[in-house]
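Novice: File follows, work.txt with compact mmCIF, C-alpha atoms:
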```txt
# COMPACT_ATOMS: atom_id res chain seq x y z
CA MET E 1 139.79 73.68 82.76
CA SER E 2 139.68 77.28 81.70
CA GLU E 3 141.90 79.62 83.64
CA HIS E 4 139.80 82.63 82.71
CA ARG E 5 136.32 82.20 84.05
CA THR E 6 134.09 85.03 85.06
CA GLU E 7 131.72 84.55 87.91
CA GLU E 8 129.14 87.26 88.24
CA ARG E 9 126.28 87.35 90.64
CA ASP E 10 123.42 89.77 90.34
CA ALA E 11 121.59 91.54 93.17
CA GLY E 12 119.42 88.43 93.69
CA SER E 13 122.64 86.38 94.05
CA ARG E 14 121.97 84.45 90.84
CA LEU E 15 125.15 83.04 89.33
CA LEU E 16 125.39 84.25 85.73
CA LEU E 17 127.54 82.27 83.32
CA ARG E 18 128.46 82.49 79.68
CA ALA E 19 127.28 79.40 77.81
CA THR E 20 130.61 78.96 76.03
CA GLU E 21 132.28 78.74 79.45
CA LEU E 22 130.22 75.63 80.14
CA ALA E 23 131.76 73.87 77.13
CA GLY E 24 134.58 71.64 78.32
CA LEU E 25 133.36 71.48 81.92
CA PRO E 26 133.40 67.99 83.44
CA VAL E 27 130.06 66.29 84.13
CA VAL E 28 130.46 64.85 87.61
CA SER E 29 128.23 62.21 89.20
CA ILE E 30 127.36 62.99 92.82
CA ALA E 31 126.67 59.30 93.54
CA GLU E 32 130.03 58.02 92.28
CA GLY E 33 132.09 61.19 92.63
CA GLU E 34 133.43 60.53 89.18
CA ALA E 35 133.72 62.65 86.04
CA LEU E 36 131.56 60.93 83.42
CA ALA E 37 132.02 63.20 80.42
CA GLU E 38 132.67 66.74 79.31
CA VAL E 39 130.17 69.28 78.05
CA LYS E 40 130.31 69.77 74.27
CA ASP E 41 127.31 71.85 73.13
CA VAL E 42 124.86 73.85 75.17
CA VAL E 43 121.34 73.31 73.76
CA TYR E 44 118.64 75.84 74.58
CA ASN E 45 115.06 76.47 73.63
CA PRO E 46 114.60 80.01 72.32
CA ASP E 47 110.80 79.59 72.42
CA GLN E 48 110.83 79.19 76.17
CA GLY E 49 114.14 80.85 77.06
CA HIS E 50 115.75 78.04 79.00
CA LEU E 51 118.45 75.42 78.63
CA LEU E 52 117.36 71.99 77.37
CA GLY E 53 120.61 70.24 78.18
CA PHE E 54 124.05 69.40 76.89
CA THR E 55 125.68 67.22 74.29
CA LEU E 56 128.77 65.48 75.60
CA ASN E 57 132.34 64.59 74.74
CA LYS E 58 134.17 61.60 76.18
CA ARG E 59 136.85 62.53 78.69
CA GLY E 60 140.34 63.04 77.29
CA PHE E 61 141.58 64.90 74.23
CA LEU E 62 142.11 61.76 72.18
CA ARG E 63 138.47 60.68 72.49
CA GLY E 64 135.47 61.91 70.52
CA PRO E 65 131.87 62.98 71.06
CA MET E 66 129.39 60.72 72.92
CA LYS E 67 126.03 59.54 71.62
CA ALA E 68 124.51 60.17 75.03
CA VAL E 69 123.20 63.60 75.93
CA LEU E 70 122.45 65.19 79.27
CA PRO E 71 118.96 66.70 79.64
CA MET E 72 118.46 69.54 82.13
CA SER E 73 116.10 67.31 84.13
CA GLY E 74 119.13 65.21 85.07
CA VAL E 75 121.31 68.14 86.13
CA ALA E 76 121.63 68.57 89.88
CA GLY E 77 123.61 71.80 89.66
CA ILE E 78 125.73 73.95 87.39
CA GLY E 79 128.78 75.63 88.83
CA ARG E 80 131.73 77.50 87.42
CA ASP E 81 133.92 74.38 87.49
CA ALA E 82 131.60 71.43 86.88
CA VAL E 83 128.11 70.28 85.93
CA MET E 84 126.79 67.98 88.66
CA VAL E 85 124.43 65.07 88.00
CA THR E 86 122.90 62.61 90.44
CA GLY E 87 124.23 59.51 88.66
CA ALA E 88 125.41 58.09 85.34
CA ASP E 89 121.86 56.92 84.50
CA VAL E 90 120.61 60.46 83.82
CA CYS E 91 122.47 60.61 80.48
CA GLU E 92 120.29 59.31 77.68
CA GLU E 93 121.06 58.08 74.17
CA LYS E 94 117.49 58.25 72.95
CA GLY E 95 114.75 60.65 73.83
CA GLY E 96 113.64 64.22 73.34
CA LEU E 97 116.94 66.02 73.74
CA ALA E 98 118.96 63.53 71.69
CA ALA E 99 116.55 63.99 68.76
CA GLU E 100 116.43 67.75 69.33
CA ALA E 101 120.23 68.06 69.34
CA GLN E 102 120.50 65.96 66.20
CA SER E 103 117.86 67.91 64.26
CA SER E 104 119.25 71.25 65.41
CA ALA E 105 122.90 70.51 64.61
CA GLY E 106 124.40 73.48 62.79
CA ARG E 107 122.11 76.00 64.48
CA ASN E 108 124.94 77.51 66.49
CA VAL E 109 123.83 81.02 67.44
CA VAL E 110 127.37 82.31 68.06
CA GLY E 111 128.20 84.58 65.14
CA ASN E 112 124.55 85.28 64.27
CA ASP E 113 123.33 88.84 63.77
CA VAL E 114 120.89 90.37 66.23
CA LEU E 115 118.19 92.55 64.72
CA THR E 116 115.48 94.55 66.42
CA ASP E 117 111.89 94.47 65.19
CA THR E 118 112.49 98.00 63.84
CA GLY E 119 115.29 96.73 61.61
CA HIS E 120 118.28 97.98 63.63
CA ARG E 121 121.27 95.64 63.69
CA LEU E 122 122.63 95.58 67.23
CA GLY E 123 125.63 93.36 66.59
CA LYS E 124 126.89 89.81 66.42
CA VAL E 125 126.32 87.19 69.14
CA THR E 126 129.49 86.11 70.90
CA ASP E 127 127.78 84.22 73.74
CA ILE E 128 124.56 83.71 75.66
CA ILE E 129 124.18 84.47 79.35
CA VAL E 130 122.45 81.86 81.51
CA ALA E 131 121.38 81.79 85.15
CA ALA E 132 123.19 78.74 86.51
CA ASP E 133 120.62 77.89 89.18
CA SER E 134 117.51 77.88 86.98
CA GLY E 135 118.97 77.26 83.53
CA GLU E 136 117.15 80.35 82.31
CA VAL E 137 118.59 82.13 79.27
CA LEU E 138 118.79 85.81 80.22
CA GLY E 139 120.46 87.49 77.29
CA TYR E 140 123.14 87.71 74.68
CA GLU E 141 126.68 88.95 74.78
CA LEU E 142 127.28 90.92 71.60
CA GLU E 143 130.17 92.30 69.70
CA GLY E 144 128.17 95.29 68.81
CA ASP E 145 127.50 98.68 67.46
CA PRO E 146 130.22 101.02 68.89
CA LYS E 147 127.54 103.68 69.43
CA LEU E 148 125.89 101.44 72.04
CA GLN E 149 129.13 100.89 73.98
CA GLY E 150 129.74 102.88 77.15
CA HIS E 151 133.44 102.08 76.86
CA THR E 152 135.13 101.34 73.54
CA GLY E 153 135.81 97.70 72.84
CA ARG E 154 133.71 96.27 75.66
CA PRO E 155 131.12 93.59 74.91
CA LEU E 156 127.44 94.44 75.11
CA PHE E 157 124.94 92.50 77.20
CA LEU E 158 121.45 92.48 75.74
CA PRO E 159 118.50 91.22 77.80
CA ILE E 160 116.03 89.07 75.91
CA PRO E 161 112.39 88.32 76.56
CA ALA E 162 111.53 84.87 77.90
CA ALA E 163 110.43 83.85 74.39
CA LEU E 164 112.32 84.74 71.25
CA ALA E 165 112.42 84.17 67.49
CA VAL E 166 115.60 82.56 66.18
CA SER E 167 116.29 81.69 62.57
CA GLY E 168 119.34 80.02 61.13
CA THR E 169 121.14 83.32 60.64
CA ALA E 170 119.49 86.06 62.69
CA LEU E 171 117.97 86.59 66.10
CA MET E 172 115.08 88.97 66.56
CA VAL E 173 114.64 91.07 69.68
CA PRO E 174 112.17 93.84 70.45
CA ALA E 175 113.51 97.38 69.97
CA THR E 176 112.39 98.11 73.56
CA ALA E 177 115.37 96.00 74.74
CA GLU E 178 117.86 98.58 73.44
CA PRO E 179 117.81 100.93 76.48
CA PHE E 180 118.54 97.94 78.73
CA ILE E 181 121.83 97.05 77.02
CA ARG E 182 124.71 97.00 79.51
CA ASP E 183 128.46 96.71 79.05
CA ASP E 184 129.02 95.10 82.45
CA LEU E 185 127.78 91.67 83.48
CA SER E 186 127.40 92.56 87.16
CA GLY E 187 124.49 94.94 86.53
CA PHE E 188 123.00 92.76 83.85
CA GLY E 189 120.70 90.59 86.01
CA ALA E 190 118.87 93.70 87.25
CA ALA E 191 118.55 95.02 83.68
CA VAL E 192 116.96 91.71 82.59
CA ASP E 193 114.42 91.81 85.43
CA GLU E 194 113.63 95.45 84.69
CA PHE E 195 113.20 94.75 80.97
CA ARG E 196 110.98 91.71 81.53
CA SER E 197 108.81 93.49 84.08
CA GLN E 198 108.39 96.34 81.59
CA LEU E 199 107.35 93.83 78.90
CA SER E 200 104.84 92.08 81.15
CA GLY E 201 103.54 95.47 82.33
CA GLY E 202 103.05 96.55 78.73
CA ALA E 203 101.30 93.30 77.87
CA SER E 204 98.74 93.54 80.67
CA MET Y 1 169.75 58.50 51.25
CA ASN Y 2 171.63 58.11 54.49
CA THR Y 3 170.14 57.06 57.83
CA LEU Y 4 170.00 60.57 59.25
CA THR Y 5 167.96 61.86 56.32
CA LEU Y 6 165.61 58.92 56.61
CA LEU Y 7 165.12 59.55 60.35
CA LEU Y 8 164.46 63.24 59.70
CA LEU Y 9 161.93 62.35 57.04
CA ILE Y 10 160.12 59.98 59.40
CA LEU Y 11 160.12 62.67 62.09
CA VAL Y 12 158.64 65.25 59.73
CA VAL Y 13 155.91 62.79 58.63
CA LEU Y 14 155.08 62.03 62.27
CA VAL Y 15 154.88 65.71 63.20
CA VAL Y 16 152.62 66.48 60.23
CA ALA Y 17 150.38 63.49 61.01
CA PHE Y 18 150.09 64.43 64.68
CA THR Y 19 149.32 68.06 63.85
CA ALA Y 20 146.61 67.01 61.40
CA PHE Y 21 145.13 64.64 64.00
CA ALA Y 22 145.17 67.38 66.67
CA VAL Y 23 143.41 69.84 64.35
CA ILE Y 24 140.72 67.30 63.39
CA GLN Y 25 140.25 66.23 67.01
CA ARG Y 26 139.92 69.84 68.18
CA LYS Y 27 137.24 70.38 65.53
CA ARG Y 28 135.38 67.20 66.52
CA ARG Y 29 135.32 68.18 70.18
CA ALA Y 30 134.53 71.86 69.65
CA GLY Y 31 131.27 72.92 71.25
CA GLY Y 32 128.74 75.59 70.51
CA VAL Y 33 125.51 77.16 71.66
CA ILE Y 34 122.65 75.51 69.80
CA ALA Y 35 119.17 76.96 69.48
CA ALA Y 36 116.74 74.05 69.25
CA LYS Y 37 114.44 74.14 66.25
CA PRO Y 38 110.93 75.24 67.09
CA ARG Y 39 108.53 72.34 66.83
CA ARG Y 40 104.98 72.48 65.64
CA GLY Y 41 102.60 72.01 68.53
CA ARG Y 42 105.11 72.98 71.18
CA GLY Y 43 103.63 76.17 72.54
CA ARG Y 44 105.06 78.92 74.64
CA THR Y 45 104.60 78.67 78.34
```
Represent the structure of the file as structure tokens.

Specialist:
Amino acid sequence: MSEHRTEERDAGSRLLLRATELAGLPVVSIAEGEALAEVKDVVYNPDQGHLLGFTLNKRGFLRGPMKAVLPMSGVAGIGRDAVMVTGADVCEEKGGLAAEAQSSAGRNVVGNDVLTDTGHRLGKVTDIIVAADSGEVLGYELEGDPKLQGHTGRPLFLPIPAALAVSGTALMVPATAEPFIRDDLSGFGAAVDEFRSQLSGGAS
Amino acid sequence: MNTLTLLLLILVVLVVAFTAFAVIQRKRRAGGVIAAKPRRGRGRT
């Protein structure tokens, strides 16, 4: 288990986690109290801005990836130390997520460039930020443009709209997101809410 | 080739094999953050 985990809660007490911190977490069955697997990939839907589920590794370093995947519908809770499921039967080998994960293999967004719709490159994705309770994808952590950093060398947190365009190599965000970039995860939840309310206000 | 050399050679081969296995295994188990491909007909909510 990682010794360096950040746990940040926003003003609404949502637990915000980095997606890469979920990788390697044990998947624990509440019914049996047993670790069934470990999280391998975090799969999300950029169209709808939420997690779809997880691909899994077998427990133990010597063992490989599992065919079974864990859809979000089977997740009872995500915490900083484990992903909880109701029972072993929620993992599925066939079905929507299994096919989705297979067809999307290689579409890892970490390392992709982030561009605004005005053609400004904001930086490179190092992680995505998710709300643990709802599985909502709130934004990206970027290794970004030094001009956008409040403090040199700190990562940037960029809020994203609920729906987003993602290609194999670049992620598009509206230029209106730029003023809401933060370099601190604790104030990030509020920035996301503010940004999304501005977007929905502008749309109406 | 004396026994000591042979033992050393075996040890080196074992270390190299284990290191290669560990590297491959780390790569196999490495995770990522995957954006699902948009599907035709799946609209935005």

Novice: Could you name the residues that touch stretch 23-28 of chain E at 9 Å or less, counting only C-alpha atoms, but leaving out those on the same chain fewer than 2 positions away, as JSON, numbers by chain?

Specialist: {"E": [1, 2, 19, 20, 21, 30, 31, 32, 33, 34, 35, 36, 37, 38, 39, 40, 41, 42, 54, 56, 57, 59, 80, 81, 82, 83, 84, 85, 86, 87, 88], "Y": [29, 30, 31, 32, 33]}

Novice: Provide the atom CA of E:Thr126 to atom CA of Y:Ile34 distance in Å, to one decimal place.

Specialist: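 Between these atoms lies a distance of 12.7 Å.
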
Novice: Using all atoms listed in the file, which chain E residues lie at most 10 Å away from chain Y, written as a count of residues only?

Specialist: 52

Novice: So that I can see what lies close to E:Thr116, please list as a ChimeraX atom specification the residues with an atom at most 10 Å from it, counting only C-alpha atoms and leaving out residues fewer than 6 positions away in the same chain.

Specialist: /E:122,171-178

Novice: Atom CA of E:Glu143 and atom CA of E:Asp113, how far apart in Å?

Specialist: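 Between atom CA of E:Asp113 and atom CA of E:Glu143 the gap works out to 9.7 Å.
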
Novice: Leaving out E:Val130 and any residue of its chain fewer than 5 positions from it, which residues lie within 7 Å of it when counting all atoms listed in the file, given as an mmCIF file with C-alpha atoms, in the frame of the given file?

Specialist:
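Produced file out.cif, reproduced below:
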```
data_model
loop_
_atom_site.group_PDB
_atom_site.id
_atom_site.type_symbol
_atom_site.label_atom_id
_atom_site.label_comp_id
_atom_site.auth_asym_id
_atom_site.auth_seq_id
_atom_site.Cartn_x
_atom_site.Cartn_y
_atom_site.Cartn_z
ATOM 1 C CA LEU E 16 125.390 84.250 85.730
ATOM 2 C CA LEU E 17 127.540 82.270 83.320
ATOM 3 C CA ARG E 18 128.460 82.490 79.680
ATOM 4 C CA ALA E 19 127.280 79.400 77.810
ATOM 5 C CA GLY E 135 118.970 77.260 83.530
ATOM 6 C CA GLU E 136 117.150 80.350 82.310
ATOM 7 C CA VAL E 137 118.590 82.130 79.270
ATOM 8 C CA LEU E 138 118.790 85.810 80.220
#
```

Novice: Can you tell me how far atom CA of E:Gly119 sits from atom CA of E:Gly144, in Å to one decimal?

Specialist: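 For atom CA of E:Gly119 relative to atom CA of E:Gly144, the distance reads 14.8 Å.
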